[in-house]
file query.pdb (PDB, C-alpha atoms)
ATOM      1  CA  MET A   1      19.346 -17.103  10.375
ATOM      2  CA  SER A   2      22.792 -16.588  11.876
ATOM      3  CA  SER A   3      23.718 -18.185  15.198
ATOM      4  CA  SER A   4      23.859 -14.771  16.889
ATOM      5  CA  ALA A   5      20.341 -14.046  15.694
ATOM      6  CA  GLY A   6      19.093 -17.457  16.752
ATOM      7  CA  ALA A   7      20.432 -16.949  20.274
ATOM      8  CA  LEU A   8      18.350 -13.826  20.927
ATOM      9  CA  LEU A   9      15.005 -15.536  21.546
ATOM     10  CA  GLY A  10      14.847 -18.483  23.899
ATOM     11  CA  GLU A  11      12.173 -21.066  24.602
ATOM     12  CA  LEU A  12      10.605 -18.882  27.297
ATOM     13  CA  ASP A  13      10.350 -15.817  25.057
ATOM     14  CA  PRO A  14       7.079 -15.142  23.221
ATOM     15  CA  ALA A  15       6.855 -15.475  19.461
ATOM     16  CA  PRO A  16       7.298 -12.198  17.558
ATOM     17  CA  PHE A  17       3.614 -12.044  16.664
ATOM     18  CA  ARG A  18       0.187 -13.339  17.556
ATOM     19  CA  VAL A  19      -2.423 -14.030  14.890
ATOM     20  CA  LEU A  20      -6.171 -13.932  15.528
ATOM     21  CA  GLN A  21      -8.006 -15.655  12.712
ATOM     22  CA  GLY A  22     -11.116 -13.956  11.396
ATOM     23  CA  SER A  23     -13.903 -14.879   9.048
ATOM     24  CA  ALA A  24     -12.874 -16.263   5.671
ATOM     25  CA  SER A  25     -15.231 -13.785   4.026
ATOM     26  CA  SER A  26     -13.901 -10.625   5.691
ATOM     27  CA  PRO A  27     -11.534  -8.488   3.600
ATOM     28  CA  PHE A  28     -10.151  -6.670   6.637
ATOM     29  CA  ILE A  29      -6.696  -7.224   8.098
ATOM     30  CA  ILE A  30      -5.809  -5.299  11.250
ATOM     31  CA  ILE A  31      -2.104  -4.764  11.846
ATOM     32  CA  CYS A  32      -0.837  -3.595  15.230
ATOM     33  CA  ASP A  33       2.911  -2.914  15.162
ATOM     34  CA  HIS A  34       3.168  -1.713  18.764
ATOM     35  CA  ALA A  35       0.781  -4.090  20.494
ATOM     36  CA  GLY A  36       3.253  -5.577  22.977
ATOM     37  CA  ARG A  37       5.990  -4.553  25.360
ATOM     38  CA  SER A  38       7.927  -7.797  25.747
ATOM     39  CA  VAL A  39      11.723  -7.754  25.867
ATOM     40  CA  PRO A  40      13.795 -10.877  25.075
ATOM     41  CA  ARG A  41      15.127 -12.422  28.274
ATOM     42  CA  ALA A  42      18.640 -12.171  26.823
ATOM     43  CA  LEU A  43      18.312  -8.371  26.837
ATOM     44  CA  GLY A  44      17.087  -8.087  30.427
ATOM     45  CA  SER A  45      15.097  -4.879  30.803
ATOM     46  CA  LEU A  46      17.240  -2.887  28.353
ATOM     47  CA  GLY A  47      18.487  -1.080  31.467
ATOM     48  CA  LEU A  48      15.045   0.457  32.062
ATOM     49  CA  THR A  49      12.695   0.318  35.015
ATOM     50  CA  GLY A  50       9.470  -1.629  34.991
ATOM     51  CA  ALA A  51       7.598   1.669  35.004
ATOM     52  CA  ASP A  52       9.445   2.797  31.862
ATOM     53  CA  LEU A  53       8.426  -0.389  30.074
ATOM     54  CA  GLU A  54       4.784   0.369  30.845
ATOM     55  CA  ARG A  55       4.963   3.839  29.276
ATOM     56  CA  HIS A  56       4.097   4.853  25.718
ATOM     57  CA  ILE A  57       7.784   4.852  24.815
ATOM     58  CA  ALA A  58       7.613   1.041  25.009
ATOM     59  CA  TRP A  59       4.284   0.327  23.277
ATOM     60  CA  ASP A  60       0.932   1.756  22.146
ATOM     61  CA  LEU A  61      -1.292   1.634  25.209
ATOM     62  CA  GLY A  62      -4.759   0.327  24.405
ATOM     63  CA  ALA A  63      -3.904  -0.602  20.831
ATOM     64  CA  ALA A  64      -3.968  -4.373  21.275
ATOM     65  CA  ALA A  65      -7.305  -4.298  23.103
ATOM     66  CA  LEU A  66      -8.807  -2.081  20.420
ATOM     67  CA  ALA A  67      -7.411  -4.300  17.651
ATOM     68  CA  ARG A  68      -8.981  -7.390  19.196
ATOM     69  CA  ARG A  69     -12.362  -5.710  19.596
ATOM     70  CA  LEU A  70     -12.263  -4.197  16.121
ATOM     71  CA  GLY A  71     -11.289  -7.553  14.702
ATOM     72  CA  ALA A  72     -14.284  -9.145  16.377
ATOM     73  CA  GLU A  73     -16.606  -6.429  15.008
ATOM     74  CA  LEU A  74     -15.328  -6.898  11.453
ATOM     75  CA  GLY A  75     -14.613 -10.619  11.502
ATOM     76  CA  ALA A  76     -11.097  -9.517  10.588
ATOM     77  CA  TRP A  77      -7.745 -11.258  10.603
ATOM     78  CA  VAL A  78      -5.575  -9.534  13.256
ATOM     79  CA  ILE A  79      -1.811  -9.604  13.738
ATOM     80  CA  LEU A  80      -0.307  -8.277  16.965
ATOM     81  CA  GLN A  81       3.431  -7.614  17.247
ATOM     82  CA  GLU A  82       4.516  -8.764  20.727
ATOM     83  CA  TYR A  83       7.842  -7.006  21.370
ATOM     84  CA  SER A  84       8.478  -3.506  22.633
ATOM     85  CA  ARG A  85       9.295  -0.874  20.052
ATOM     86  CA  LEU A  86      12.371  -0.193  22.194
ATOM     87  CA  VAL A  87      13.775  -3.601  21.193
ATOM     88  CA  ILE A  88      13.164  -2.834  17.528
ATOM     89  CA  ASP A  89      10.456  -0.681  15.989
ATOM     90  CA  CYS A  90       8.560  -2.797  13.488
ATOM     91  CA  ASN A  91       7.021   0.335  11.971
ATOM     92  CA  ARG A  92      10.382   1.745  10.863
ATOM     93  CA  PRO A  93      12.644   0.685   7.975
ATOM     94  CA  LEU A  94      15.714  -1.154   9.225
ATOM     95  CA  ASP A  95      17.982   1.632   7.989
ATOM     96  CA  SER A  96      16.042   4.295   9.890
ATOM     97  CA  PRO A  97      17.789   5.892  12.908
ATOM     98  CA  ASP A  98      14.557   5.188  14.806
ATOM     99  CA  SER A  99      14.717   1.435  14.175
ATOM    100  CA  ILE A 100      16.553   0.810  17.462
ATOM    101  CA  VAL A 101      16.600   4.027  19.464
ATOM    102  CA  PRO A 102      19.318   4.948  21.979
ATOM    103  CA  LYS A 103      16.892   7.504  23.449
ATOM    104  CA  SER A 104      13.098   7.722  23.352
ATOM    105  CA  GLU A 105      11.646  11.138  24.086
ATOM    106  CA  ASP A 106      13.723  12.120  27.146
ATOM    107  CA  THR A 107      14.548   8.581  28.304
ATOM    108  CA  GLU A 108      17.896   6.998  27.476
ATOM    109  CA  VAL A 109      17.720   3.287  26.655
ATOM    110  CA  PRO A 110      20.992   1.830  28.036
ATOM    111  CA  GLY A 111      20.489  -1.541  26.371
ATOM    112  CA  ASN A 112      20.457   0.115  22.957
ATOM    113  CA  LEU A 113      23.712   2.032  23.346
ATOM    114  CA  GLY A 114      26.737   0.932  21.342
ATOM    115  CA  LEU A 115      25.072  -1.985  19.594
ATOM    116  CA  SER A 116      27.198  -3.922  17.142
ATOM    117  CA  SER A 117      25.872  -4.636  13.660
ATOM    118  CA  SER A 118      25.421  -8.313  14.597
ATOM    119  CA  GLN A 119      23.374  -7.391  17.679
ATOM    120  CA  ALA A 120      21.111  -5.153  15.608
ATOM    121  CA  GLU A 121      20.847  -7.871  12.956
ATOM    122  CA  ALA A 122      19.741 -10.379  15.584
ATOM    123  CA  ARG A 123      16.795  -8.179  16.548
ATOM    124  CA  ALA A 124      15.877  -7.656  12.914
ATOM    125  CA  GLN A 125      16.072 -11.349  12.053
ATOM    126  CA  CYS A 126      14.256 -12.632  15.126
ATOM    127  CA  ILE A 127      11.490 -10.041  15.459
ATOM    128  CA  PHE A 128      11.127  -7.609  12.549
ATOM    129  CA  GLY A 129      11.704 -10.192   9.813
ATOM    130  CA  PRO A 130       9.296 -12.933  10.977
ATOM    131  CA  TYR A 131       6.567 -10.403  11.796
ATOM    132  CA  HIS A 132       6.569  -8.777   8.384
ATOM    133  CA  ALA A 133       7.077 -12.102   6.625
ATOM    134  CA  ARG A 134       3.884 -13.372   8.282
ATOM    135  CA  ILE A 135       1.947 -10.339   7.025
ATOM    136  CA  SER A 136       3.379 -10.786   3.524
ATOM    137  CA  ARG A 137       2.530 -14.486   3.478
ATOM    138  CA  GLU A 138      -1.057 -13.825   4.490
ATOM    139  CA  LEU A 139      -1.491 -11.170   1.816
ATOM    140  CA  SER A 140       0.069 -13.370  -0.869
ATOM    141  CA  GLU A 141      -2.118 -16.326   0.067
ATOM    142  CA  ARG A 142      -5.242 -14.181  -0.015
ATOM    143  CA  ALA A 143      -4.267 -12.749  -3.399
ATOM    144  CA  GLY A 144      -3.646 -16.257  -4.699
ATOM    145  CA  ARG A 145      -7.170 -17.326  -3.884
ATOM    146  CA  GLY A 146      -8.693 -14.099  -5.170
ATOM    147  CA  GLN A 147      -9.688 -12.758  -1.759
ATOM    148  CA  ALA A 148      -9.736  -8.980  -1.277
ATOM    149  CA  SER A 149      -7.562  -7.430   1.434
ATOM    150  CA  ILE A 150      -8.161  -4.104   3.182
ATOM    151  CA  LEU A 151      -5.404  -3.116   5.614
ATOM    152  CA  VAL A 152      -5.994  -1.178   8.818
ATOM    153  CA  PHE A 153      -2.796  -0.122  10.616
ATOM    154  CA  LEU A 154      -3.762   0.647  14.205
ATOM    155  CA  HIS A 155      -1.861   2.884  16.652
ATOM    156  CA  THR A 156      -2.509   5.045  19.712
ATOM    157  CA  PHE A 157      -1.029   8.341  20.900
ATOM    158  CA  THR A 158      -0.519  10.091  24.230
ATOM    159  CA  PRO A 159      -2.935  12.839  25.375
ATOM    160  CA  VAL A 160       0.040  15.040  26.309
ATOM    161  CA  PHE A 161       3.399  15.147  24.536
ATOM    162  CA  ARG A 162       6.313  17.093  26.017
ATOM    163  CA  GLY A 163       3.911  19.110  28.120
ATOM    164  CA  VAL A 164       1.579  20.025  25.262
ATOM    165  CA  ALA A 165      -1.988  18.711  25.305
ATOM    166  CA  ARG A 166      -3.219  17.123  22.103
ATOM    167  CA  ARG A 167      -6.722  18.169  21.148
ATOM    168  CA  TRP A 168      -7.400  15.399  18.643
ATOM    169  CA  HIS A 169      -9.452  12.375  19.601
ATOM    170  CA  ALA A 170      -8.091  10.446  16.644
ATOM    171  CA  GLY A 171      -6.001  10.864  13.533
ATOM    172  CA  VAL A 172      -6.186   9.461  10.019
ATOM    173  CA  LEU A 173      -2.734   8.919   8.516
ATOM    174  CA  HIS A 174      -1.868   8.454   4.866
ATOM    175  CA  HIS A 175       1.036   8.693   2.461
ATOM    176  CA  GLN A 176       0.570   8.619  -1.331
ATOM    177  CA  ASP A 177      -2.586   6.507  -1.539
ATOM    178  CA  THR A 178      -5.592   8.208   0.076
ATOM    179  CA  ARG A 179      -8.415   6.105  -1.402
ATOM    180  CA  LEU A 180      -9.550   4.913   2.025
ATOM    181  CA  ALA A 181      -8.009   7.620   4.206
ATOM    182  CA  THR A 182      -9.994  10.455   2.599
ATOM    183  CA  PRO A 183     -13.490   8.974   3.138
ATOM    184  CA  MET A 184     -12.462   7.733   6.612
ATOM    185  CA  LEU A 185     -11.376  11.236   7.583
ATOM    186  CA  ARG A 186     -14.583  12.738   6.235
ATOM    187  CA  ALA A 187     -16.757  10.206   8.072
ATOM    188  CA  LEU A 188     -14.950  10.563  11.384
ATOM    189  CA  ARG A 189     -15.118  14.342  11.195
ATOM    190  CA  ALA A 190     -18.866  14.036  10.649
ATOM    191  CA  GLU A 191     -19.166  12.626  14.185
ATOM    192  CA  PRO A 192     -20.090  15.825  16.076
ATOM    193  CA  GLU A 193     -18.159  15.086  19.255
ATOM    194  CA  LEU A 194     -14.841  14.304  17.563
ATOM    195  CA  ILE A 195     -11.777  16.333  16.615
ATOM    196  CA  VAL A 196      -9.921  14.292  14.002
ATOM    197  CA  GLY A 197      -6.483  15.066  12.619
ATOM    198  CA  ASP A 198      -5.441  14.727   8.999
ATOM    199  CA  ASN A 199      -1.915  13.258   9.252
ATOM    200  CA  GLU A 200      -1.980  14.419  12.870
ATOM    201  CA  PRO A 201      -0.577  14.006  15.476
ATOM    202  CA  TYR A 202       1.903  12.262  13.158
ATOM    203  CA  ALA A 203       2.334  12.457   9.392
ATOM    204  CA  ALA A 204       2.860   9.184   7.551
ATOM    205  CA  SER A 205       5.984   8.828   5.424
ATOM    206  CA  ALA A 206       8.206   6.180   3.893
ATOM    207  CA  ARG A 207      10.719   6.792   6.716
ATOM    208  CA  THR A 208       8.265   6.422   9.589
ATOM    209  CA  ASP A 209       5.536   4.024   8.416
ATOM    210  CA  TYR A 210       7.146   0.884   7.043
ATOM    211  CA  GLY A 211       4.077  -1.346   6.971
ATOM    212  CA  LEU A 212       1.818   1.169   5.260
ATOM    213  CA  VAL A 213       4.284   1.530   2.380
ATOM    214  CA  GLU A 214       5.525  -2.080   2.210
ATOM    215  CA  HIS A 215       2.235  -3.929   2.592
ATOM    216  CA  GLY A 216      -0.285  -1.307   1.495
ATOM    217  CA  GLU A 217       1.138   0.943  -1.187
ATOM    218  CA  ARG A 218       3.538  -1.491  -2.856
ATOM    219  CA  ARG A 219       0.801  -4.079  -3.231
ATOM    220  CA  GLY A 220      -1.767  -1.503  -4.316
ATOM    221  CA  LEU A 221      -4.143  -2.533  -1.540
ATOM    222  CA  LEU A 222      -6.800  -0.359   0.024
ATOM    223  CA  HIS A 223      -5.411   0.771   3.380
ATOM    224  CA  VAL A 224      -5.502   3.361   6.141
ATOM    225  CA  GLU A 225      -3.509   4.094   9.287
ATOM    226  CA  LEU A 226      -5.493   5.134  12.348
ATOM    227  CA  GLU A 227      -4.379   6.746  15.600
ATOM    228  CA  VAL A 228      -6.655   6.910  18.672
ATOM    229  CA  ARG A 229      -5.836   8.907  21.802
ATOM    230  CA  GLN A 230      -4.905   6.601  24.644
ATOM    231  CA  ASP A 231      -7.082   8.065  27.386
ATOM    232  CA  LEU A 232     -10.144   7.229  25.267
ATOM    233  CA  LEU A 233      -9.170   3.547  25.407
ATOM    234  CA  ALA A 234      -8.413   3.357  29.135
ATOM    235  CA  ASP A 235     -11.318   1.020  29.926
ATOM    236  CA  ALA A 236     -13.442  -1.638  28.279
ATOM    237  CA  ALA A 237     -16.290   0.777  27.586
ATOM    238  CA  GLY A 238     -14.037   3.137  25.659
ATOM    239  CA  GLN A 239     -12.451   0.296  23.715
ATOM    240  CA  ALA A 240     -15.856  -1.114  22.784
ATOM    241  CA  ALA A 241     -17.184   2.298  21.720
ATOM    242  CA  TRP A 242     -14.217   2.992  19.470
ATOM    243  CA  ALA A 243     -14.267  -0.509  17.984
ATOM    244  CA  GLU A 244     -17.951  -0.096  17.107
ATOM    245  CA  ARG A 245     -17.365   3.361  15.631
ATOM    246  CA  LEU A 246     -14.363   2.347  13.531
ATOM    247  CA  ALA A 247     -16.029  -0.854  12.322
ATOM    248  CA  ARG A 248     -19.150   1.035  11.276
ATOM    249  CA  ILE A 249     -17.178   3.635   9.368
ATOM    250  CA  LEU A 250     -14.750   1.157   7.784
ATOM    251  CA  LEU A 251     -17.613  -0.941   6.465
ATOM    252  CA  THR A 252     -19.213   2.134   4.922
ATOM    253  CA  THR A 253     -16.141   3.847   3.488
ATOM    254  CA  SER A 254     -14.513   0.723   2.019
ATOM    255  CA  ALA A 255     -17.616  -0.495   0.210
TER     256      ALA A 255
END
call {"tool": "encode", "arguments": {"input": "query.pdb", "output": "structure tokens"}}
result
Amino acid sequence: MSSSAGALLGELDPAPFRVLQGSASSPFIIICDHAGRSVPRALGSLGLTGADLERHIAWDLGAAALARRLGAELGAWVILQEYSRLVIDCNRPLDSPDSIVPKSEDTEVPGNLGLSSSQAEARAQCIFGPYHARISRELSERAGRGQASILVFLHTFTPVFRGVARRWHAGVLHHQDTRLATPMLRALRAEPELIVGDNEPYAASARTDYGLVEHGERRGLLHVELEVRQDLLADAAGQAAWAERLARILLTTSA
């Protein structure tokens, strides 16, 4: 790591990720790229207000709570990425224009304007790199001991986007490998009260879903990316209900 990269995170900054250990017998690994909204102290507030850093532009509201509950239901290993997507988006390739955004939706991010290559590299080396290296190490260790791995990439989405209400309760996202996504979609759509999108409200791609491609497709592992609408996770009851539902369906569709 270069000295400029090493200077980005100080002793008072959180680590790039938090790992919750699950049962040794569970095949499930829950990955939450947008779990946190921390900003390195060296970057201040990125020029944003506290209210901005609580909005969806900064993180996936409810995702971390759902990941923890789902992990408990499945006995799964869980990894939570702690830094705001506005610092660096760990679900985007480093060469993507959305890796470090100068503007998110209609909000300019002053701290991301005019970054030098060394400043961008520091964020990649201190946050993106260690986070994905930890996922890779876990998968390699599990493969080495012959343990199966099923990846669940967990995200949430806003009920209203640019003034347009979103009718879906959840979405099942997939790219080239649909072995788990297809039965998950079918099972969720069988729940009578749910409207479930197929690659909605976002479509997975190699340019927008780094982890799904890097850790799922390239390793040939069973995987799915799930989106849940944020208002459905606003309280503990909603989080518990969705964790139970997703655990029940994952156990059935991955068997």
call {"tool": "residues_around", "arguments": {"input": "query.pdb", "residues": "Leu66 (chain A)", "least_positions_apart": "5", "cutoff": "10 Å", "atoms": "all atoms listed in the file", "output": "VMD selection string"}}
result
chain A and resid 32 35 61 71 to 72 154 to 156 228 233 236 238 to 244 246
call {"tool": "residues_near_point", "arguments": {"input": "query.pdb", "point": "(-2.9, 2.3, 13.3)", "cutoff": "12 Å", "atoms": "all atoms listed in the file", "output": "compact mmCIF listing (two decimals) with C-alpha atoms, in the coordinates of the input"}}
result
# COMPACT_ATOMS: atom_id res chain seq x y z
CA ILE A 29 -6.70 -7.22 8.10
CA ILE A 30 -5.81 -5.30 11.25
CA ILE A 31 -2.10 -4.76 11.85
CA CYS A 32 -0.84 -3.60 15.23
CA ASP A 33 2.91 -2.91 15.16
CA HIS A 34 3.17 -1.71 18.76
CA ALA A 35 0.78 -4.09 20.49
CA ASP A 60 0.93 1.76 22.15
CA GLY A 62 -4.76 0.33 24.40
CA ALA A 63 -3.90 -0.60 20.83
CA ALA A 64 -3.97 -4.37 21.28
CA LEU A 66 -8.81 -2.08 20.42
CA ALA A 67 -7.41 -4.30 17.65
CA LEU A 70 -12.26 -4.20 16.12
CA ILE A 79 -1.81 -9.60 13.74
CA LEU A 80 -0.31 -8.28 16.96
CA ASN A 91 7.02 0.34 11.97
CA LEU A 151 -5.40 -3.12 5.61
CA VAL A 152 -5.99 -1.18 8.82
CA PHE A 153 -2.80 -0.12 10.62
CA LEU A 154 -3.76 0.65 14.20
CA HIS A 155 -1.86 2.88 16.65
CA THR A 156 -2.51 5.04 19.71
CA PHE A 157 -1.03 8.34 20.90
CA ALA A 170 -8.09 10.45 16.64
CA GLY A 171 -6.00 10.86 13.53
CA VAL A 172 -6.19 9.46 10.02
CA LEU A 173 -2.73 8.92 8.52
CA HIS A 174 -1.87 8.45 4.87
CA ALA A 181 -8.01 7.62 4.21
CA ASN A 199 -1.92 13.26 9.25
CA TYR A 202 1.90 12.26 13.16
CA ALA A 204 2.86 9.18 7.55
CA ASP A 209 5.54 4.02 8.42
CA TYR A 210 7.15 0.88 7.04
CA GLY A 211 4.08 -1.35 6.97
CA LEU A 212 1.82 1.17 5.26
CA HIS A 223 -5.41 0.77 3.38
CA VAL A 224 -5.50 3.36 6.14
CA GLU A 225 -3.51 4.09 9.29
CA LEU A 226 -5.49 5.13 12.35
CA GLU A 227 -4.38 6.75 15.60
CA VAL A 228 -6.66 6.91 18.67
CA ARG A 229 -5.84 8.91 21.80
CA LEU A 246 -14.36 2.35 13.53
call {"tool": "resolve_selection", "arguments": {"input": "query.pdb", "expression": "the PyMOL selection byres ((chain A and resi 111-115) around 7)", "output": "PyMOL selection string"}}
result
chain A and resi 46-47+100-102+109-110+116-117+119-120
call {"tool": "resolve_selection", "arguments": {"input": "query.pdb", "expression": "the PyMOL selection byres ((chain A and resi 207) around 8)", "output": "JSON list (two decimals) with C-alpha atoms, in the coordinates of the input"}}
result
[["chain", "number", "residue", "atom", "x", "y", "z"],
["A", 92, "ARG", "CA", 10.38, 1.74, 10.86],
["A", 93, "PRO", "CA", 12.64, 0.68, 7.98],
["A", 96, "SER", "CA", 16.04, 4.30, 9.89],
["A", 205, "SER", "CA", 5.98, 8.83, 5.42],
["A", 206, "ALA", "CA", 8.21, 6.18, 3.89],
["A", 208, "THR", "CA", 8.26, 6.42, 9.59],
["A", 209, "ASP", "CA", 5.54, 4.02, 8.42],
["A", 210, "TYR", "CA", 7.15, 0.88, 7.04]]
call {"tool": "axis_aligned_box", "arguments": {"input": "query.pdb", "around": "region 185-192 of chain A", "padding_each_side": "8 Å", "output": "JSON"}}
result
{"center_x": -15.7, "center_y": 13.0, "center_z": 11.2, "size_x": 24.7, "size_y": 21.6, "size_z": 25.8}
call {"tool": "closest_residue", "arguments": {"input": "query.pdb", "among": "A:Ile88, A:Leu185, A:Leu222, A:Leu94", "to": "Ala148 (chain A)", "atoms": "all atoms listed in the file"}}
result
A:Leu222
call {"tool": "atom_distance", "arguments": {"input": "query.pdb", "atom1": "CA of Ser99 (chain A)", "atom2": "CA of Arg85 (chain A)"}}
result
8.3 Å
call {"tool": "atom_distance", "arguments": {"input": "query.pdb", "atom1": "CA of Tyr131 (chain A)", "atom2": "CA of Ile57 (chain A)"}}
result
20.1 Å
call {"tool": "atom_distance", "arguments": {"input": "query.pdb", "atom1": "CA of Leu43 (chain A)", "atom2": "CA of Leu8 (chain A)"}}
result
8.0 Å
call {"tool": "closest_residue", "arguments": {"input": "query.pdb", "among": "A:Arg142, A:Arg134, A:Arg37, A:Lys103", "to": "Glu82 (chain A)", "atoms": "all atoms listed in the file"}}
result
A:Arg37
call {"tool": "closest_residue", "arguments": {"input": "query.pdb", "among": "A:Gly163, A:Gly146, A:Pro130, A:Gly75", "to": "Arg18 (chain A)", "atoms": "only C-alpha atoms"}}
result
A:Pro130
call {"tool": "closest_residue", "arguments": {"input": "query.pdb", "among": "A:Gln81, A:Ser45, A:Ser104, A:Gln176", "to": "Ala15 (chain A)", "atoms": "only C-alpha atoms"}}
result
A:Gln81
call {"tool": "residues_around", "arguments": {"input": "query.pdb", "residues": "Leu194 (chain A)", "least_positions_apart": "3", "cutoff": "7 Å", "atoms": "all atoms listed in the file", "output": "list in words"}}
result
His169, Arg189 and Glu191 of chain A
call {"tool": "write_last_selection", "arguments": {"input": "query.pdb", "atoms": "C-alpha atoms", "output": "compact mmCIF listing (two decimals), keeping the file's coordinate frame"}}
result
# COMPACT_ATOMS: atom_id res chain seq x y z
CA HIS A 169 -9.45 12.38 19.60
CA ARG A 189 -15.12 14.34 11.20
CA GLU A 191 -19.17 12.63 14.18
call {"tool": "closest_residue", "arguments": {"input": "query.pdb", "among": "A:His175, A:Arg162, A:Arg186, A:His215", "to": "Asp106 (chain A)", "atoms": "all atoms listed in the file"}}
result
A:Arg162
call {"tool": "resolve_selection", "arguments": {"input": "query.pdb", "expression": "the PyMOL selection byres ((chain A and resi 158) around 8)", "output": "number ranges by chain"}}
result
A: 56, 156-157, 159-161, 166, 229-231
call {"tool": "closest_residue", "arguments": {"input": "query.pdb", "among": "A:Leu53, A:Val196, A:Ala143, A:Ala76", "to": "Met184 (chain A)", "atoms": "all atoms listed in the file"}}
result
A:Val196
call {"tool": "residues_around", "arguments": {"input": "query.pdb", "residues": "Ser84 (chain A)", "least_positions_apart": "2", "cutoff": "6 Å", "atoms": "all atoms listed in the file", "output": "PyMOL selection string"}}
result
chain A and resi 36-38+58-59+86-87
call {"tool": "write_last_selection", "arguments": {"input": "query.pdb", "atoms": "C-alpha atoms", "output": "PDB file, keeping the file's coordinate frame"}}
result
ATOM      1  CA  GLY A  36       3.253  -5.577  22.977  1.00  0.00           C
ATOM      2  CA  ARG A  37       5.990  -4.553  25.360  1.00  0.00           C
ATOM      3  CA  SER A  38       7.927  -7.797  25.747  1.00  0.00           C
ATOM      4  CA  ALA A  58       7.613   1.041  25.009  1.00  0.00           C
ATOM      5  CA  TRP A  59       4.284   0.327  23.277  1.00  0.00           C
ATOM      6  CA  LEU A  86      12.371  -0.193  22.194  1.00  0.00           C
ATOM      7  CA  VAL A  87      13.775  -3.601  21.193  1.00  0.00           C
TER       8      VAL A  87
END
